[in-house]
$ cat upload_38.cif   # mmCIF, C-alpha atoms
data_structure
#
loop_
_atom_site.label_atom_id
_atom_site.label_comp_id
_atom_site.auth_asym_id
_atom_site.auth_seq_id
_atom_site.Cartn_x
_atom_site.Cartn_y
_atom_site.Cartn_z
CA MET A 1 -69.29 -19.33 -14.59
CA SER A 2 -66.31 -17.67 -16.27
CA GLU A 3 -64.80 -14.55 -14.76
CA VAL A 4 -63.69 -11.35 -16.50
CA GLY A 5 -61.04 -9.32 -14.69
CA LEU A 6 -58.80 -6.31 -15.23
CA VAL A 7 -55.11 -6.29 -16.15
CA LEU A 8 -52.90 -3.87 -14.23
CA SER A 9 -49.98 -3.07 -16.53
CA SER A 10 -46.86 -2.44 -14.46
CA GLU A 11 -45.05 -1.53 -17.68
CA GLU A 12 -47.28 1.48 -18.31
CA HIS A 13 -48.24 2.76 -14.86
CA GLY A 14 -46.53 3.72 -11.62
CA PRO A 15 -47.32 2.16 -8.24
CA ARG A 16 -49.86 4.71 -6.99
CA ASP A 17 -51.68 4.68 -10.31
CA LEU A 18 -51.88 0.89 -10.27
CA VAL A 19 -53.51 0.92 -6.84
CA ASN A 20 -55.93 3.60 -8.04
CA HIS A 21 -56.75 1.59 -11.18
CA ALA A 22 -57.49 -1.45 -9.04
CA GLN A 23 -59.95 0.63 -7.04
CA LEU A 24 -61.57 1.95 -10.24
CA GLY A 25 -61.86 -1.61 -11.50
CA GLU A 26 -63.54 -2.82 -8.35
CA GLU A 27 -66.05 0.06 -8.53
CA ALA A 28 -66.79 -0.92 -12.15
CA GLY A 29 -67.62 -4.48 -11.16
CA PHE A 30 -64.35 -6.33 -11.66
CA ALA A 31 -63.73 -8.88 -8.90
CA SER A 32 -60.14 -9.72 -9.82
CA VAL A 33 -56.97 -8.25 -11.31
CA PHE A 34 -53.96 -9.67 -13.11
CA ILE A 35 -50.77 -7.69 -12.45
CA SER A 36 -47.53 -7.96 -14.41
CA ASP A 37 -44.24 -8.57 -12.59
CA HIS A 38 -41.22 -7.25 -14.52
CA PHE A 39 -37.97 -5.42 -13.85
CA HIS A 40 -38.12 -3.48 -17.15
CA PRO A 41 -40.90 -2.28 -19.43
CA TRP A 42 -40.81 -3.75 -22.92
CA VAL A 43 -40.09 -0.37 -24.55
CA ASP A 44 -39.10 2.99 -23.09
CA SER A 45 -42.37 4.60 -24.22
CA GLN A 46 -44.22 2.44 -21.66
CA GLY A 47 -42.03 4.06 -19.05
CA GLU A 48 -42.69 2.24 -15.75
CA SER A 49 -41.88 -0.94 -13.83
CA PRO A 50 -42.63 -0.75 -10.08
CA PHE A 51 -41.88 -3.56 -7.63
CA VAL A 52 -45.01 -5.66 -7.83
CA TRP A 53 -45.04 -6.92 -4.24
CA SER A 54 -45.30 -3.41 -2.81
CA VAL A 55 -48.18 -2.66 -5.18
CA ILE A 56 -49.95 -5.87 -4.17
CA GLY A 57 -49.80 -4.72 -0.56
CA GLY A 58 -51.42 -1.43 -1.52
CA ILE A 59 -54.21 -3.17 -3.41
CA ALA A 60 -54.73 -5.69 -0.60
CA THR A 61 -55.34 -2.95 1.96
CA THR A 62 -57.68 -0.84 -0.20
CA THR A 63 -59.84 -3.38 -2.08
CA ARG A 64 -61.37 -6.84 -1.82
CA LEU A 65 -60.06 -7.94 -5.20
CA LYS A 66 -58.47 -11.27 -6.01
CA ILE A 67 -54.94 -10.78 -7.39
CA THR A 68 -53.01 -13.01 -9.78
CA THR A 69 -49.44 -12.19 -10.78
CA GLY A 70 -49.12 -12.28 -14.53
CA VAL A 71 -46.55 -13.72 -14.35
CA THR A 72 -43.70 -13.95 -11.83
CA CYS A 73 -40.39 -15.57 -12.75
CA PRO A 74 -39.10 -17.27 -9.56
CA THR A 75 -35.84 -18.53 -11.02
CA PHE A 76 -33.24 -15.84 -11.79
CA ARG A 77 -33.30 -12.32 -10.37
CA VAL A 78 -35.26 -13.44 -7.30
CA HIS A 79 -34.61 -16.76 -5.55
CA PRO A 80 -37.71 -18.98 -5.21
CA ALA A 81 -37.42 -18.88 -1.40
CA ILE A 82 -37.89 -15.10 -1.51
CA ILE A 83 -40.82 -15.39 -3.93
CA ALA A 84 -42.33 -17.99 -1.57
CA HIS A 85 -41.97 -15.47 1.29
CA ALA A 86 -43.58 -12.66 -0.73
CA ALA A 87 -46.41 -14.86 -2.00
CA ALA A 88 -47.17 -16.22 1.47
CA THR A 89 -47.47 -12.71 2.90
CA SER A 90 -49.62 -11.56 -0.02
CA HIS A 91 -51.89 -14.59 0.36
CA ILE A 92 -52.40 -13.80 4.05
CA MET A 93 -53.03 -10.09 3.43
CA LEU A 94 -55.58 -10.95 0.73
CA ARG A 95 -57.29 -13.56 2.94
CA GLY A 96 -56.67 -16.26 0.37
CA ARG A 97 -57.54 -14.16 -2.69
CA PHE A 98 -54.10 -14.58 -4.26
CA VAL A 99 -52.83 -16.71 -7.14
CA LEU A 100 -49.14 -16.90 -7.99
CA GLY A 101 -48.80 -16.96 -11.75
CA VAL A 102 -45.32 -18.18 -12.70
CA GLY A 103 -43.32 -18.51 -15.89
CA SER A 104 -39.82 -19.19 -17.16
CA GLY A 105 -39.14 -15.49 -17.75
CA GLU A 106 -37.56 -13.27 -20.37
CA ALA A 107 -33.98 -12.14 -20.78
CA LEU A 108 -35.27 -8.55 -20.65
CA ASN A 109 -36.00 -8.88 -16.94
CA GLU A 110 -33.93 -11.81 -15.74
CA HIS A 111 -30.43 -11.06 -17.07
CA VAL A 112 -30.04 -7.95 -14.91
CA LEU A 113 -27.87 -9.62 -12.24
CA GLY A 114 -25.43 -10.88 -14.86
CA GLN A 115 -26.55 -14.48 -14.88
CA ARG A 116 -26.29 -16.65 -17.97
CA TRP A 117 -29.53 -16.85 -19.96
CA PRO A 118 -29.92 -20.59 -20.65
CA PRO A 119 -32.01 -22.38 -23.29
CA VAL A 120 -35.72 -22.90 -22.70
CA SER A 121 -35.30 -26.54 -21.62
CA THR A 122 -33.06 -25.45 -18.73
CA ARG A 123 -35.39 -22.60 -17.81
CA LEU A 124 -38.30 -25.04 -17.53
CA GLU A 125 -36.25 -27.37 -15.33
CA MET A 126 -35.42 -24.40 -13.10
CA LEU A 127 -39.08 -23.42 -12.93
CA GLU A 128 -40.12 -26.92 -11.87
CA GLU A 129 -37.56 -26.99 -9.06
CA ALA A 130 -38.50 -23.45 -7.99
CA VAL A 131 -42.16 -24.44 -7.61
CA GLU A 132 -41.09 -27.45 -5.55
CA VAL A 133 -39.04 -25.21 -3.24
CA MET A 134 -41.90 -22.75 -2.78
CA ARG A 135 -44.43 -25.44 -1.96
CA GLN A 136 -42.10 -26.93 0.66
CA LEU A 137 -41.74 -23.53 2.32
CA TRP A 138 -45.49 -22.85 2.32
CA THR A 139 -45.95 -25.78 4.69
CA GLY A 140 -44.43 -23.63 7.44
CA LYS A 141 -41.90 -26.34 8.23
CA VAL A 142 -38.12 -25.99 8.31
CA VAL A 143 -36.82 -26.62 4.80
CA THR A 144 -33.38 -27.69 3.67
CA HIS A 145 -33.14 -28.27 -0.06
CA HIS A 146 -30.06 -29.11 -2.12
CA GLY A 147 -31.23 -29.30 -5.70
CA ARG A 148 -29.72 -29.00 -9.12
CA TYR A 149 -30.33 -25.26 -9.31
CA TYR A 150 -31.27 -24.04 -5.82
CA THR A 151 -30.05 -24.41 -2.26
CA VAL A 152 -32.11 -23.63 0.82
CA GLU A 153 -30.64 -24.03 4.30
CA ASN A 154 -32.78 -24.27 7.45
CA ALA A 155 -35.44 -21.90 6.13
CA ARG A 156 -38.88 -21.57 7.67
CA LEU A 157 -41.73 -19.21 6.81
CA TYR A 158 -43.19 -18.32 10.19
CA SER A 159 -45.93 -16.27 8.51
CA ALA A 160 -47.24 -19.12 6.41
CA PRO A 161 -50.82 -19.23 5.08
CA ASP A 162 -53.26 -21.86 6.32
CA ALA A 163 -53.48 -23.15 2.75
CA PRO A 164 -50.87 -22.52 0.05
CA PRO A 165 -51.62 -20.18 -2.85
CA LEU A 166 -52.50 -21.72 -6.17
CA VAL A 167 -49.62 -21.76 -8.66
CA ALA A 168 -50.79 -21.12 -12.23
CA VAL A 169 -48.08 -21.89 -14.80
CA SER A 170 -47.65 -19.86 -17.97
CA ALA A 171 -47.28 -21.82 -21.20
CA PHE A 172 -47.01 -21.08 -24.91
CA GLY A 173 -45.08 -24.01 -26.37
CA HIS A 174 -45.54 -27.78 -26.12
CA ASP A 175 -42.92 -28.41 -23.41
CA ALA A 176 -44.17 -25.59 -21.20
CA LEU A 177 -47.75 -26.88 -21.57
CA ASN A 178 -46.63 -30.34 -20.46
CA LEU A 179 -44.98 -28.80 -17.40
CA ALA A 180 -48.04 -26.70 -16.59
CA ALA A 181 -50.29 -29.76 -16.77
CA ARG A 182 -47.94 -31.74 -14.55
CA ILE A 183 -47.13 -29.25 -11.77
CA GLY A 184 -49.61 -26.39 -12.08
CA ASP A 185 -52.79 -25.48 -10.25
CA GLY A 186 -53.89 -23.69 -13.41
CA LEU A 187 -52.70 -22.52 -16.82
CA VAL A 188 -51.87 -19.00 -18.00
CA THR A 189 -51.70 -18.18 -21.70
CA THR A 190 -52.49 -15.23 -23.95
CA GLN A 191 -54.09 -16.70 -27.07
CA PRO A 192 -57.71 -17.96 -27.23
CA ASP A 193 -56.52 -21.38 -28.33
CA GLY A 194 -59.11 -24.08 -27.69
CA ASP A 195 -56.68 -26.82 -28.72
CA MET A 196 -54.25 -25.72 -25.99
CA VAL A 197 -57.06 -25.83 -23.44
CA HIS A 198 -58.03 -29.33 -24.53
CA ASN A 199 -54.42 -30.53 -24.53
CA PHE A 200 -53.91 -29.17 -21.03
CA ARG A 201 -56.98 -30.99 -19.75
CA ASP A 202 -56.14 -34.19 -21.66
CA GLN A 203 -52.73 -34.28 -19.96
CA GLY A 204 -54.38 -34.08 -16.55
CA GLY A 205 -54.04 -30.33 -16.09
CA LYS A 206 -56.25 -29.00 -13.33
CA GLY A 207 -57.38 -25.61 -12.09
CA PRO A 208 -58.45 -22.49 -13.94
CA ILE A 209 -57.46 -21.65 -17.52
CA ILE A 210 -56.41 -18.00 -17.35
CA GLY A 211 -56.11 -15.73 -20.38
CA ALA A 212 -55.26 -12.09 -20.96
CA LEU A 213 -55.90 -9.82 -23.93
CA LYS A 214 -55.12 -6.25 -24.82
CA VAL A 215 -57.64 -3.67 -26.00
CA CYS A 216 -57.54 0.08 -26.44
CA TRP A 217 -60.91 1.68 -25.75
CA ASP A 218 -61.30 5.30 -26.82
CA ARG A 219 -64.16 7.28 -28.33
CA ASP A 220 -61.73 8.10 -31.16
CA GLU A 221 -60.62 4.90 -32.89
CA THR A 222 -57.78 6.64 -34.73
CA ARG A 223 -56.33 7.82 -31.44
CA ALA A 224 -56.78 4.34 -29.91
CA ARG A 225 -54.88 2.71 -32.77
CA LYS A 226 -52.02 5.17 -32.39
CA VAL A 227 -51.74 4.56 -28.63
CA ALA A 228 -51.87 0.76 -29.05
CA HIS A 229 -49.13 0.88 -31.66
CA GLU A 230 -46.91 3.21 -29.63
CA LEU A 231 -47.12 1.18 -26.44
CA TRP A 232 -47.63 -2.46 -27.45
CA ALA A 233 -46.20 -3.15 -30.89
CA ALA A 234 -43.86 -5.57 -29.07
CA GLU A 235 -46.85 -7.85 -28.58
CA LEU A 236 -46.66 -8.67 -32.30
CA LEU A 237 -43.02 -9.75 -32.40
CA PRO A 238 -42.69 -13.34 -33.64
CA GLY A 239 -41.15 -16.46 -32.19
CA GLN A 240 -38.67 -16.31 -29.33
CA LEU A 241 -37.83 -12.61 -29.63
CA ASN A 242 -39.84 -11.69 -26.54
CA GLN A 243 -37.83 -14.21 -24.50
CA GLU A 244 -34.40 -13.44 -25.93
CA LEU A 245 -33.99 -9.68 -26.45
CA PRO A 246 -32.20 -8.22 -23.40
CA MET A 247 -33.04 -4.49 -23.36
CA PRO A 248 -36.00 -2.18 -24.05
CA LYS A 249 -34.03 -0.44 -26.80
CA HIS A 250 -33.77 -3.76 -28.67
CA PHE A 251 -37.54 -4.17 -28.51
CA GLN A 252 -37.90 -0.59 -29.74
CA GLU A 253 -35.67 -1.39 -32.71
CA ALA A 254 -37.54 -4.60 -33.49
CA THR A 255 -40.97 -2.97 -33.25
CA SER A 256 -40.00 -0.40 -35.87
CA LEU A 257 -40.96 -3.16 -38.33
CA VAL A 258 -44.47 -3.54 -36.85
CA THR A 259 -47.06 -1.26 -38.46
CA GLU A 260 -50.05 0.38 -36.82
CA GLU A 261 -52.31 -1.62 -39.12
CA THR A 262 -50.76 -4.89 -37.92
CA VAL A 263 -51.37 -3.95 -34.28
CA ALA A 264 -54.96 -2.90 -35.01
CA GLU A 265 -55.62 -6.31 -36.60
CA LYS A 266 -54.75 -8.01 -33.31
CA VAL A 267 -55.81 -5.43 -30.71
CA THR A 268 -59.41 -4.26 -30.51
CA CYS A 269 -59.33 -0.47 -30.75
CA GLY A 270 -62.07 2.12 -30.48
CA PRO A 271 -65.53 2.53 -28.94
CA ASP A 272 -67.59 -0.30 -30.51
CA PRO A 273 -68.78 -2.55 -27.64
CA GLU A 274 -69.58 -5.44 -29.99
CA ARG A 275 -65.96 -5.68 -31.11
CA HIS A 276 -64.77 -5.74 -27.51
CA ILE A 277 -67.36 -8.38 -26.63
CA ALA A 278 -66.20 -10.51 -29.57
CA ALA A 279 -62.57 -10.30 -28.43
CA ILE A 280 -63.42 -11.37 -24.88
CA SER A 281 -65.88 -14.02 -26.03
CA ALA A 282 -63.20 -15.72 -28.13
CA TYR A 283 -61.51 -16.74 -24.87
CA LEU A 284 -64.72 -17.76 -23.16
CA GLU A 285 -65.73 -19.91 -26.13
CA ALA A 286 -62.29 -21.55 -26.17
CA GLY A 287 -62.88 -22.78 -22.63
CA PHE A 288 -61.08 -20.18 -20.50
CA ASP A 289 -62.25 -19.81 -16.91
CA GLU A 290 -60.77 -16.36 -16.31
CA VAL A 291 -60.18 -13.65 -18.90
CA TYR A 292 -58.30 -10.46 -18.00
CA VAL A 293 -58.62 -7.34 -20.13
CA ASN A 294 -55.70 -4.93 -20.48
CA GLN A 295 -56.82 -1.42 -21.38
CA ILE A 296 -53.82 0.16 -23.12
CA GLY A 297 -52.98 3.75 -22.23
CA ASP A 298 -53.94 6.29 -19.61
CA ASN A 299 -57.72 6.26 -20.05
CA GLN A 300 -58.36 3.65 -17.37
CA SER A 301 -61.30 5.52 -15.87
CA GLY A 302 -63.04 5.78 -19.25
CA PHE A 303 -62.54 2.09 -19.92
CA CYS A 304 -63.86 1.10 -16.49
CA ASP A 305 -67.00 3.15 -17.14
CA PHE A 306 -67.29 1.50 -20.56
CA PHE A 307 -66.99 -1.93 -18.98
CA ARG A 308 -69.59 -1.12 -16.32
CA THR A 309 -72.19 0.34 -18.68
CA GLU A 310 -71.58 -1.47 -21.99
CA LEU A 311 -69.61 -4.70 -21.55
CA ARG A 312 -70.65 -6.07 -18.20
CA PRO A 313 -74.39 -6.21 -19.04
CA ARG A 314 -73.72 -7.78 -22.45
CA LEU A 315 -71.46 -10.40 -20.90
CA GLY A 316 -74.10 -11.25 -18.31
CA LEU A 317 -71.78 -10.52 -15.37
#
$ encode --input "upload_38.cif" --output "structure tokens"
Amino acid sequence: MSEVGLVLSSEEHGPRDLVNHAQLGEEAGFASVFISDHFHPWVDSQGESPFVWSVIGGIATTTRLKITTGVTCPTFRVHPAIIAHAAATSHIMLRGRFVLGVGSGEALNEHVLGQRWPPVSTRLEMLEEAVEVMRQLWTGKVVTHHGRYYTVENARLYSAPDAPPLVAVSAFGHDALNLAARIGDGLVTTQPDGDMVHNFRDQGGKGPIIGALKVCWDRDETRARKVAHELWAAELLPGQLNQELPMPKHFQEATSLVTEETVAEKVTCGPDPERHIAAISAYLEAGFDEVYVNQIGDNQSGFCDFFRTELRPRLGL
């Protein structure tokens, strides 16, 4: 049976709020959360970007939720050996209820140490080697690795989990999908694209298909549309802009061309449960195993109540 979980937006909310939202989600009937891992928000109006691994520790000690990072880039600002260390500890704290979602990153978050931002083909090669390094370390054995992009010398994770965490690979384009099918324990993507699901499976891809969508529940649809546009117009930017723009102010400038009407066409806004059900069902019908819902804005408590009373019964959860 497919699973519907809650997105914890590290771009919009501070660390204590994220832990509180996880608790609200669990009380509403969510069994899992999907938490973003970024150094910057997309635009200044979002206003937050806590260190995800500290937040995961807070959630692990206060809930019984499964946590998936959505997604971590283990290639630039943090060496894959350090991500392996963080993921191993999180997996142990969560008693196996942890999935490491990984991706090739965005310049917005990964250029901050002054490294060159290479083309996507190089970034995918780096991601493949990073996953290899992490899986070696999760064995608990001493690892020495001299690769094309990464060096590890005599490293051992003494606090290693009994079984390694699953690694779900984010993909949007053809090459990334090929990589996800070849090395991943699951696929992460944001569009309810049945063809992508079929292609992933046809190429031998295994594990859960994980999707995420944004909504803005509010009793006042006009207010919901305004909040969605203010905070997530960047979601509608075309092509490679999300991967290439280096600073929140550049996203702010680019999103000045995105209208409120355009956002409302893509993001379900307002109080109508049938519209929210339709948005979630598009992923389920496309073959997704896990669908995570991102409530935009501060009204997380209201949305969790809405999910518990209106959406969960209709979805048969």
$ residues_around --input "upload_38.cif" --residues "Ala264 (chain A)" --least-positions-apart "6" --cutoff "8 Å" --atoms "only C-alpha atoms" --output "PyMOL selection string"
chain A and resi 225+228-229
$ residues_around --input "upload_38.cif" --residues "Gly57 (chain A)" --least-positions-apart "4" --cutoff "12 Å" --atoms "only C-alpha atoms" --output "ChimeraX atom specification"
/A:15-16,18-19,22,51-53,61-65,67,86-94,98
$ resolve_selection --input "upload_38.cif" --expression "the PyMOL selection byres ((chain A and resi 300) around 12)" --output "VMD selection string"
chain A and resid 6 to 9 12 to 13 17 to 25 28 215 to 218 293 to 299 301 to 307
$ closest_residue --input "upload_38.cif" --among "A:Ser49, A:Asn109, A:Thr189, A:Thr69" --to "Phe288 (chain A)" --atoms "all atoms listed in the file"
A:Thr189
$ residues_around --input "upload_38.cif" --residues "region 133-149 of chain A" --least-positions-apart "6" --cutoff "12 Å" --atoms "only C-alpha atoms" --output "PyMOL selection string"
chain A and resi 74-76+79-89+91-92+100+102+122-127+155-167+183-185
$ resolve_selection --input "upload_38.cif" --expression "the PyMOL selection byres ((chain A and resi 175) around 12)" --output "PDB file with C-alpha atoms, in the frame of the given file"
ATOM      1  CA  SER A 104     -39.820 -19.190 -17.160  1.00  0.00           C
ATOM      2  CA  VAL A 120     -35.720 -22.900 -22.700  1.00  0.00           C
ATOM      3  CA  SER A 121     -35.300 -26.540 -21.620  1.00  0.00           C
ATOM      4  CA  THR A 122     -33.060 -25.450 -18.730  1.00  0.00           C
ATOM      5  CA  ARG A 123     -35.390 -22.600 -17.810  1.00  0.00           C
ATOM      6  CA  LEU A 124     -38.300 -25.040 -17.530  1.00  0.00           C
ATOM      7  CA  GLU A 125     -36.250 -27.370 -15.330  1.00  0.00           C
ATOM      8  CA  GLU A 128     -40.120 -26.920 -11.870  1.00  0.00           C
ATOM      9  CA  VAL A 169     -48.080 -21.890 -14.800  1.00  0.00           C
ATOM     10  CA  SER A 170     -47.650 -19.860 -17.970  1.00  0.00           C
ATOM     11  CA  ALA A 171     -47.280 -21.820 -21.200  1.00  0.00           C
ATOM     12  CA  PHE A 172     -47.010 -21.080 -24.910  1.00  0.00           C
ATOM     13  CA  GLY A 173     -45.080 -24.010 -26.370  1.00  0.00           C
ATOM     14  CA  HIS A 174     -45.540 -27.780 -26.120  1.00  0.00           C
ATOM     15  CA  ALA A 176     -44.170 -25.590 -21.200  1.00  0.00           C
ATOM     16  CA  LEU A 177     -47.750 -26.880 -21.570  1.00  0.00           C
ATOM     17  CA  ASN A 178     -46.630 -30.340 -20.460  1.00  0.00           C
ATOM     18  CA  LEU A 179     -44.980 -28.800 -17.400  1.00  0.00           C
ATOM     19  CA  ALA A 180     -48.040 -26.700 -16.590  1.00  0.00           C
ATOM     20  CA  ALA A 181     -50.290 -29.760 -16.770  1.00  0.00           C
ATOM     21  CA  ARG A 182     -47.940 -31.740 -14.550  1.00  0.00           C
ATOM     22  CA  MET A 196     -54.250 -25.720 -25.990  1.00  0.00           C
ATOM     23  CA  ASN A 199     -54.420 -30.530 -24.530  1.00  0.00           C
ATOM     24  CA  PHE A 200     -53.910 -29.170 -21.030  1.00  0.00           C
ATOM     25  CA  GLN A 203     -52.730 -34.280 -19.960  1.00  0.00           C
TER      26      GLN A 203
END
$ closest_residue --input "upload_38.cif" --among "A:Arg97, A:Phe39, A:Thr222, A:Pro119" --to "Gly270 (chain A)" --atoms "all atoms listed in the file"
A:Thr222
$ closest_residue --input "upload_38.cif" --among "A:Thr309, A:Gln115, A:Ser10, A:Asn242" --to "Gly47 (chain A)" --atoms "all atoms listed in the file"
A:Ser10
$ resolve_selection --input "upload_38.cif" --expression "the PyMOL selection byres ((chain A and resi 245) around 12)" --output "PyMOL selection string"
chain A and resi 40+42-43+105-111+117+234+237-244+246-255
$ closest_residue --input "upload_38.cif" --among "A:Asp193, A:Glu11, A:Glu27, A:Glu235" --to "Glu285 (chain A)" --atoms "only C-alpha atoms"
A:Asp193
$ atom_distance --input "upload_38.cif" --atom1 "CA of Gly194 (chain A)" --atom2 "CA of Asp37 (chain A)"
26.3 Å
$ atom_distance --input "upload_38.cif" --atom1 "CA of Ser32 (chain A)" --atom2 "CA of Val227 (chain A)"
25.1 Å
$ closest_residue --input "upload_38.cif" --among "A:Ile56, A:Val258, A:Val152, A:Val291" --to "Ile35 (chain A)" --atoms "all atoms listed in the file"
A:Ile56
$ residues_near_point --input "upload_38.cif" --point "(-60.6, -14.1, -25.5)" --cutoff "12 Å" --atoms "all atoms listed in the file" --output "number ranges by chain"
A: 2-5, 189-194, 209-215, 266-268, 275-294
$ atom_distance --input "upload_38.cif" --atom1 "CA of Thr72 (chain A)" --atom2 "CA of Arg308 (chain A)"
29.2 Å
$ closest_residue --input "upload_38.cif" --among "A:Val131, A:Leu311, A:Ala233, A:Val188" --to "Gln46 (chain A)" --atoms "all atoms listed in the file"
A:Ala233
$ build_atoms --input "upload_38.cif" --residues "region 33-58 of chain A" --atoms "N, CA and C atoms" --output "CSV table (one decimal), in the coordinates of the input"
chain,number,residue,atom,x,y,z
A,33,VAL,N,-58.0,-8.9,-10.5
A,33,VAL,CA,-57.0,-8.2,-11.3
A,33,VAL,C,-55.8,-9.2,-11.6
A,34,PHE,N,-55.1,-8.9,-12.6
A,34,PHE,CA,-54.0,-9.7,-13.1
A,34,PHE,C,-52.8,-8.7,-13.3
A,35,ILE,N,-51.8,-8.7,-12.5
A,35,ILE,CA,-50.8,-7.7,-12.4
A,35,ILE,C,-49.4,-8.2,-12.9
A,36,SER,N,-48.8,-7.5,-13.8
A,36,SER,CA,-47.5,-8.0,-14.4
A,36,SER,C,-46.4,-7.7,-13.4
A,37,ASP,N,-45.4,-8.6,-13.5
A,37,ASP,CA,-44.2,-8.6,-12.6
A,37,ASP,C,-43.0,-8.6,-13.4
A,38,HIS,N,-42.4,-7.4,-13.7
A,38,HIS,CA,-41.2,-7.2,-14.5
A,38,HIS,C,-40.2,-6.3,-13.9
A,39,PHE,N,-39.0,-6.4,-14.3
A,39,PHE,CA,-38.0,-5.4,-13.8
A,39,PHE,C,-37.9,-4.2,-14.8
A,40,HIS,N,-38.1,-4.5,-16.1
A,40,HIS,CA,-38.1,-3.5,-17.2
A,40,HIS,C,-39.5,-3.4,-17.8
A,41,PRO,N,-39.8,-2.3,-18.4
A,41,PRO,CA,-40.9,-2.3,-19.4
A,41,PRO,C,-40.4,-2.9,-20.7
A,42,TRP,N,-41.3,-3.2,-21.7
A,42,TRP,CA,-40.8,-3.8,-22.9
A,42,TRP,C,-40.1,-2.7,-23.8
A,43,VAL,N,-40.7,-1.5,-23.8
A,43,VAL,CA,-40.1,-0.4,-24.6
A,43,VAL,C,-40.1,0.9,-23.7
A,44,ASP,N,-39.2,1.8,-23.9
A,44,ASP,CA,-39.1,3.0,-23.1
A,44,ASP,C,-40.4,3.8,-23.1
A,45,SER,N,-41.1,3.8,-24.2
A,45,SER,CA,-42.4,4.6,-24.2
A,45,SER,C,-43.4,4.1,-23.2
A,46,GLN,N,-43.3,2.9,-22.7
A,46,GLN,CA,-44.2,2.4,-21.7
A,46,GLN,C,-43.8,3.1,-20.3
A,47,GLY,N,-42.6,3.1,-20.0
A,47,GLY,CA,-42.0,4.1,-19.0
A,47,GLY,C,-42.1,3.7,-17.6
A,48,GLU,N,-42.6,2.6,-17.2
A,48,GLU,CA,-42.7,2.2,-15.8
A,48,GLU,C,-42.3,0.8,-15.5
A,49,SER,N,-42.1,0.4,-14.2
A,49,SER,CA,-41.9,-0.9,-13.8
A,49,SER,C,-41.7,-1.0,-12.3
A,50,PRO,N,-42.7,-0.7,-11.5
A,50,PRO,CA,-42.6,-0.8,-10.1
A,50,PRO,C,-42.5,-2.2,-9.6
A,51,PHE,N,-42.1,-2.3,-8.3
A,51,PHE,CA,-41.9,-3.6,-7.6
A,51,PHE,C,-43.3,-4.1,-7.3
A,52,VAL,N,-43.6,-5.2,-7.9
A,52,VAL,CA,-45.0,-5.7,-7.8
A,52,VAL,C,-45.5,-6.0,-6.4
A,53,TRP,N,-44.6,-6.5,-5.6
A,53,TRP,CA,-45.0,-6.9,-4.2
A,53,TRP,C,-45.5,-5.8,-3.4
A,54,SER,N,-44.8,-4.6,-3.5
A,54,SER,CA,-45.3,-3.4,-2.8
A,54,SER,C,-46.7,-3.0,-3.3
A,55,VAL,N,-46.9,-3.1,-4.6
A,55,VAL,CA,-48.2,-2.7,-5.2
A,55,VAL,C,-49.3,-3.6,-4.7
A,56,ILE,N,-49.0,-4.9,-4.6
A,56,ILE,CA,-50.0,-5.9,-4.2
A,56,ILE,C,-50.4,-5.5,-2.7
A,57,GLY,N,-49.4,-5.1,-1.9
A,57,GLY,CA,-49.8,-4.7,-0.6
A,57,GLY,C,-50.8,-3.5,-0.5
A,58,GLY,N,-50.5,-2.6,-1.4
A,58,GLY,CA,-51.4,-1.4,-1.5
A,58,GLY,C,-52.8,-1.8,-1.9
